[in-house]
Structures are given as structure tokens and as C-alpha cells.
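A.B. asks: Dropping a structure here in C-alpha cells format, bear with me for questions.
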Amino acid sequence: MINHHPTETMLAAFVAGELPVSLTAAVAVHAQMCPCCAERIEQLTQEQSALWLEADQNGGHDFAGQPQQLDPDLEQMLGSMQLDDEPLPVVQSKTKFIAVAGQQYPLPRALQSLPLGAFSQFGKLSRARFALNEGTLHSSLLYIQPGGGVPEHSHKGFELTLLLSGEFTDAHGRYGPGDFMMLDGSHTHQPVSESGCLCFTVADAPQRFTQGMNRLLNPIGNFIY
């Protein structure tokens with residue numbers, strides 16, 4: 001059961017196309033796993049479409065103030081498409097798998113077209129970075145081996161964790177596939193996975209460790225970020 005979801009504000013920004021690629025992918029993957037959020041996205045999409053249609057009906061003018069006219073050839077093409085009762089062919093895409101630490105995991109559709117680097121390993125953590133060129137916004141697949149975890153930390157910026165497979169726990173509870181956690185500097189946690197897990201993560205700054213000597217844990221923080 002999925003217990004953690006994107007906020008209504010984030011869902012609305014997703015529908016409006018206002019999120020960066022990494023967060024757009026995260027919401028899309030969550031919606032693929034969460035019927036509740038998928039339904040809400042559909043509702044928001046219909047509401048947005050209705051607003052656009054209303055604005056078009058009430059306006060419908062170009063920048064010169066004249067009613068917009070479709071190119072006759074384009075209008076004819078659109079008309080022929082609407083009159084065609086033949087269903088469009090459904091293209092079945094093959095499931096793409098990734099391998100990490102001897103395990104095979106299916107990659108969600110929304111992540112399959114994103115450029116993904118190779119996995120690197122640091123102890124019981126493995127990380128593969130998505131090359132999205134979003135400045136300080138870093139997106140990764142993070143794998144925690146069974147019995148592994150991340151030392152207790154807070155966040156200098158925000159950290160999104162979307163659990164794709166497996167489970168982990170922290171002081172706040174247990175998390176399973178589909179759970180969508182957005183954390184910031186007001187949150188402190190120490191995720192540990194008994195059976196192992198694969199996550200999609202997005203962060204805009206390194207973690208801030210709250211236990212031990214920070215300089216000794218910096219390599220872990222830099223590796224994850």
C-alpha cells in the first residue's frame with residue numbers, strides 16, 4: 001500500500017508542465033504505480049483542458065487582434081483524422097531492465113528514455129547518475145544492499161526519494177514501492193533496508209550528516225548526491 005504521495009501543488013505543476021525533467025519523471029513514475037494519483041492527474045488535466053478551451057472560445061485571437069484561422073490544408077488533415085474510425089495501432093514497448101549488485105530490476109517507462117550512467121559502488125550503496133544537465137539538481141538510481149543503509153542525516157536543500165522496489169525503514173516508519181518522500185532541512189532520518197531496495201532520487205544539495213565526524217561521512221554524502 002502506498003502511503004506517501006506528491007502534494008496537490010506538485011501534481012498541479014506536473015499537469016501544467018512546470019516541473020524540471022527529473023521531478024516530472026518522478027511524478028510520472030509514481031502515477032504509474034499509484035492509481036489514486038493517476039486519477040487525480042487525470043482530473044487536473046481535464047480541468048486544465050476545460051480552462052484552455054474556455055479561454056480559446058472567449059478569445060481565439062492572434063496577436064494582431066484578428067480571429068485565428070487554421071491553414072486550409074491543416075484543417076482538412078485534422079478533419080480527415082476525426083472521420084477515420086480505424087483505431088490507432090498500439091505499440092507495445094519492451095520492458096527495460098537494469099542490473100545492479102547481481103539483481104535485475106524493471107525500469108519504469110518514464111525513466112527508460114533518460115540517459116543513465118553506469119553504477120558505482122560505495123560499501124553497500126550503489127548509485128547510477130542520470131545525465132540531465134539540470135545544474136545543482138542531481139538525479140540518480142540508488143540501490144541499498146540487504147542490511148545496508150545511509151547514516152543519519154538531514155538536508156541542505158531538498159531530497160526526493162521514490163521507492164521503486166524493495167523496502168526501507170527509518171524512525172518515521174516503513175516505506176514500500178511507490179512511496180514518494182520529499183524531505184528538506186526540517187527532516188532527519190536514517191534509512192535502513194533489511195532486504196534491499198532500489199530508489200529514484202533527486203536532490204539539489206548534499207546531505208548534512210548529524211552523527212559522527214562529518215568529514216568522515218562526506219564521501220558518502222558526495223557519492224549519494
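Going by the C-alpha cells order, chains are called A, B, ..., each with residues numbered from 1, while ligands are numbered from 1 in the order shown.
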What's the 8 Å shell around Pro191 in chain A, counting only C-alpha atoms, without same-chain residues fewer than 2 positions away, as number ranges by chain?
C.D. replies: A: 149-152, 168-170, 189, 193
A.B. asks: Those residues you just picked out, can you put them in a file as a tab-separated table (two decimals), in the first residue's frame with C-alpha atoms?
C.D. replies:
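That gives us part.tsv:
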```tsv
chain	number	residue	atom	x	y	z
A	149	GLY	CA	21.59	1.99	4.89
A	150	VAL	CA	22.53	5.65	4.91
A	151	PRO	CA	23.90	7.27	8.11
A	152	GLU	CA	21.55	9.62	9.92
A	168	PHE	CA	13.41	0.55	3.84
A	169	THR	CA	12.61	1.88	7.28
A	170	ASP	CA	13.56	4.89	9.36
A	189	HIS	CA	16.26	10.26	9.14
A	193	SER	CA	16.90	-1.69	4.24
```
A.B. asks: Neighbouring residues of range 179-186 of chain A were defined as those with any atom within 8 Å, considering only C-alpha atoms; residues of the same chain fewer than 6 positions away were excluded. Please report them as a list in words.
C.D. replies: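 Near neighbours after the sequence-gap exclusion: Ile2, Asn3, His4, His5, Pro6, His30, Ser154, His155, Lys156, Gly157, Phe158, Glu159, Leu160, Thr161, Leu162 and Leu163 of chain A.
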A.B. asks: Hey, can you spit out that residue selection with all heavy atoms as a short mmCIF file (atom, residue, chain, number, x, y, z; two decimals), in the first residue's frame?
C.D. replies:
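Result went into result_2.cif, see below:
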```
data_model
loop_
_atom_site.label_atom_id
_atom_site.label_comp_id
_atom_site.auth_asym_id
_atom_site.auth_seq_id
_atom_site.Cartn_x
_atom_site.Cartn_y
_atom_site.Cartn_z
N ILE A 2 0.58 2.19 -0.90
CA ILE A 2 1.35 3.43 -0.98
C ILE A 2 0.78 4.44 0.01
O ILE A 2 -0.41 4.77 -0.03
CB ILE A 2 1.31 3.99 -2.42
CG1 ILE A 2 1.93 2.98 -3.40
CG2 ILE A 2 2.03 5.32 -2.50
CD1 ILE A 2 1.83 3.40 -4.85
N ASN A 3 1.64 4.95 0.87
CA ASN A 3 1.21 5.87 1.92
C ASN A 3 1.74 7.28 1.76
O ASN A 3 1.29 8.19 2.47
CB ASN A 3 1.64 5.34 3.30
CG ASN A 3 0.97 4.02 3.64
OD1 ASN A 3 -0.25 3.90 3.56
ND2 ASN A 3 1.76 3.03 4.04
N HIS A 4 2.67 7.48 0.84
CA HIS A 4 3.30 8.80 0.69
C HIS A 4 3.20 9.23 -0.77
O HIS A 4 3.59 8.49 -1.68
CB HIS A 4 4.75 8.75 1.15
CG HIS A 4 4.91 8.28 2.56
ND1 HIS A 4 4.87 9.13 3.64
CD2 HIS A 4 5.08 7.03 3.08
CE1 HIS A 4 5.01 8.43 4.76
NE2 HIS A 4 5.14 7.16 4.44
N HIS A 5 2.67 10.44 -0.98
CA HIS A 5 2.32 10.90 -2.32
C HIS A 5 2.84 12.31 -2.57
O HIS A 5 3.13 13.06 -1.62
CB HIS A 5 0.80 10.90 -2.49
CG HIS A 5 0.13 9.62 -2.12
ND1 HIS A 5 -0.12 8.62 -3.03
CD2 HIS A 5 -0.32 9.15 -0.92
CE1 HIS A 5 -0.72 7.60 -2.43
NE2 HIS A 5 -0.85 7.90 -1.15
N PRO A 6 2.92 12.73 -3.84
CA PRO A 6 3.22 14.14 -4.13
C PRO A 6 2.11 15.03 -3.60
O PRO A 6 0.96 14.61 -3.48
CB PRO A 6 3.27 14.18 -5.67
CG PRO A 6 3.43 12.76 -6.10
CD PRO A 6 2.77 11.92 -5.06
N HIS A 30 5.56 7.66 -10.16
CA HIS A 30 4.65 7.44 -9.02
C HIS A 30 3.23 7.21 -9.51
O HIS A 30 2.54 6.30 -9.03
CB HIS A 30 4.70 8.65 -8.09
CG HIS A 30 3.68 8.59 -6.98
ND1 HIS A 30 3.86 7.82 -5.85
CD2 HIS A 30 2.46 9.19 -6.85
CE1 HIS A 30 2.80 7.95 -5.05
NE2 HIS A 30 1.94 8.77 -5.64
N SER A 154 20.32 15.03 7.68
CA SER A 154 19.30 15.98 7.29
C SER A 154 19.67 16.46 5.88
O SER A 154 20.44 15.79 5.20
CB SER A 154 19.23 17.14 8.28
OG SER A 154 18.19 18.04 7.93
N HIS A 155 19.13 17.59 5.46
CA HIS A 155 19.34 18.01 4.08
C HIS A 155 19.61 19.51 4.00
O HIS A 155 18.95 20.30 4.66
CB HIS A 155 18.12 17.66 3.23
CG HIS A 155 17.69 16.24 3.39
ND1 HIS A 155 16.82 15.82 4.38
CD2 HIS A 155 18.04 15.12 2.71
CE1 HIS A 155 16.64 14.52 4.29
NE2 HIS A 155 17.37 14.07 3.29
N LYS A 156 20.59 19.86 3.20
CA LYS A 156 20.88 21.28 2.98
C LYS A 156 19.85 21.90 2.05
O LYS A 156 19.57 23.09 2.12
CB LYS A 156 22.29 21.43 2.40
CG LYS A 156 23.40 20.97 3.34
CD LYS A 156 24.77 21.13 2.68
CE LYS A 156 25.87 20.64 3.60
NZ LYS A 156 27.22 20.77 2.97
N GLY A 157 19.32 21.11 1.15
CA GLY A 157 18.26 21.55 0.25
C GLY A 157 17.09 20.60 0.37
O GLY A 157 16.63 20.31 1.47
N PHE A 158 16.61 20.06 -0.75
CA PHE A 158 15.56 19.06 -0.68
C PHE A 158 16.08 17.73 -1.23
O PHE A 158 17.05 17.68 -1.99
CB PHE A 158 14.31 19.50 -1.46
CG PHE A 158 14.41 19.32 -2.96
CD1 PHE A 158 14.15 18.09 -3.55
CD2 PHE A 158 14.76 20.39 -3.78
CE1 PHE A 158 14.24 17.92 -4.93
CE2 PHE A 158 14.85 20.23 -5.15
CZ PHE A 158 14.59 19.00 -5.72
N GLU A 159 15.43 16.67 -0.83
CA GLU A 159 15.76 15.33 -1.31
C GLU A 159 14.45 14.58 -1.57
O GLU A 159 13.65 14.41 -0.66
CB GLU A 159 16.59 14.56 -0.29
CG GLU A 159 16.94 13.13 -0.73
CD GLU A 159 17.61 12.34 0.38
OE1 GLU A 159 16.97 12.15 1.44
OE2 GLU A 159 18.76 11.92 0.19
N LEU A 160 14.25 14.20 -2.82
CA LEU A 160 13.10 13.37 -3.17
C LEU A 160 13.56 11.93 -3.29
O LEU A 160 14.55 11.64 -3.96
CB LEU A 160 12.51 13.83 -4.50
CG LEU A 160 11.58 12.83 -5.20
CD1 LEU A 160 10.30 12.65 -4.40
CD2 LEU A 160 11.25 13.30 -6.61
N THR A 161 12.84 11.04 -2.64
CA THR A 161 13.11 9.61 -2.76
C THR A 161 11.83 8.91 -3.19
O THR A 161 10.81 9.00 -2.51
CB THR A 161 13.60 9.02 -1.43
OG1 THR A 161 14.78 9.70 -1.00
CG2 THR A 161 13.92 7.53 -1.58
N LEU A 162 11.89 8.25 -4.32
CA LEU A 162 10.76 7.46 -4.81
C LEU A 162 11.19 6.00 -4.81
O LEU A 162 12.11 5.62 -5.55
CB LEU A 162 10.36 7.91 -6.21
CG LEU A 162 9.33 7.05 -6.95
CD1 LEU A 162 8.02 7.00 -6.17
CD2 LEU A 162 9.09 7.58 -8.35
N LEU A 163 10.56 5.21 -3.99
CA LEU A 163 10.94 3.80 -3.86
C LEU A 163 10.38 3.01 -5.03
O LEU A 163 9.15 2.97 -5.25
CB LEU A 163 10.43 3.25 -2.53
CG LEU A 163 11.00 1.94 -2.02
CD1 LEU A 163 12.52 1.94 -2.06
CD2 LEU A 163 10.54 1.68 -0.60
#
```
A.B. asks: Would you mind reading off the distance between CA of Gly176 in chain A and CA of Leu141 in chain A, one decimal, in Å?
C.D. replies: 15.7 Å
A.B. asks: Set the distance at 7 Å and use only C-alpha atoms: which residues neighbour Gly117 in chain A once local chain neighbours fewer than 2 positions away are removed? I'd like the list as a ChimeraX atom specification.
C.D. replies: /A:115,119,128-130
A.B. asks: As a ChimeraX atom specification, please: the residues near Arg127 in chain A (cut-off 7 Å, only C-alpha atoms, same-chain neighbours under 5 positions excluded).
C.D. replies: /A:119-121,140-143,224
A.B. asks: Pull N, CA and C atoms from the residues just selected and write them as an mmCIF file, in the first residue's frame.
C.D. replies:
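part-v2.cif was written with the following content:
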```cif
data_model
loop_
_atom_site.group_PDB
_atom_site.id
_atom_site.type_symbol
_atom_site.label_atom_id
_atom_site.label_comp_id
_atom_site.auth_asym_id
_atom_site.auth_seq_id
_atom_site.Cartn_x
_atom_site.Cartn_y
_atom_site.Cartn_z
ATOM 1 N N PHE A 119 26.558 2.050 -12.848
ATOM 2 C CA PHE A 119 26.511 2.030 -11.393
ATOM 3 C C PHE A 119 27.922 2.077 -10.818
ATOM 4 N N SER A 120 28.082 2.862 -9.752
ATOM 5 C CA SER A 120 29.288 2.868 -8.933
ATOM 6 C C SER A 120 28.911 2.378 -7.543
ATOM 7 N N GLN A 121 29.849 1.765 -6.849
ATOM 8 C CA GLN A 121 29.550 1.174 -5.548
ATOM 9 C C GLN A 121 30.394 1.799 -4.453
ATOM 10 N N SER A 140 19.347 10.286 -9.619
ATOM 11 C CA SER A 140 20.087 9.028 -9.592
ATOM 12 C C SER A 140 19.161 7.857 -9.314
ATOM 13 N N LEU A 141 19.661 6.669 -9.646
ATOM 14 C CA LEU A 141 19.127 5.429 -9.091
ATOM 15 C C LEU A 141 20.041 5.043 -7.941
ATOM 16 N N LEU A 142 19.467 4.825 -6.775
ATOM 17 C CA LEU A 142 20.242 4.447 -5.598
ATOM 18 C C LEU A 142 19.800 3.068 -5.137
ATOM 19 N N TYR A 143 20.762 2.162 -5.055
ATOM 20 C CA TYR A 143 20.468 0.801 -4.589
ATOM 21 C C TYR A 143 21.133 0.587 -3.237
ATOM 22 N N ILE A 224 26.258 9.929 -2.781
ATOM 23 C CA ILE A 224 24.799 9.862 -2.944
ATOM 24 C C ILE A 224 24.297 11.044 -3.754
#
```
A.B. asks: Skip Gly123 in chain A itself and residues of its chain fewer than 3 positions away, then list as a count of residues only all residues within 9 Å of it, counting only C-alpha atoms.
C.D. replies: 3
A.B. asks: As an exercise, work out the distance from CA of Ala26 in chain A to CA of Phe200 in chain A in Å and give it to one decimal place.
C.D. replies: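 That distance, rounded to one decimal, is 7.5 Å.
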A.B. asks: From the options A:Glu54, A:Met1, A:Thr95, A:Ile144, which residue's atoms come nearest to Cys36 in chain A, counting only C-alpha atoms?
C.D. replies: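 Nearest to Cys36 in chain A: A:Met1.
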A.B. asks: Quick check, in Å to one decimal: how far apart do CA of Pro20 in chain A and CA of Tyr175 in chain A lie?
C.D. replies: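 Those two atoms sit 25.0 Å apart.
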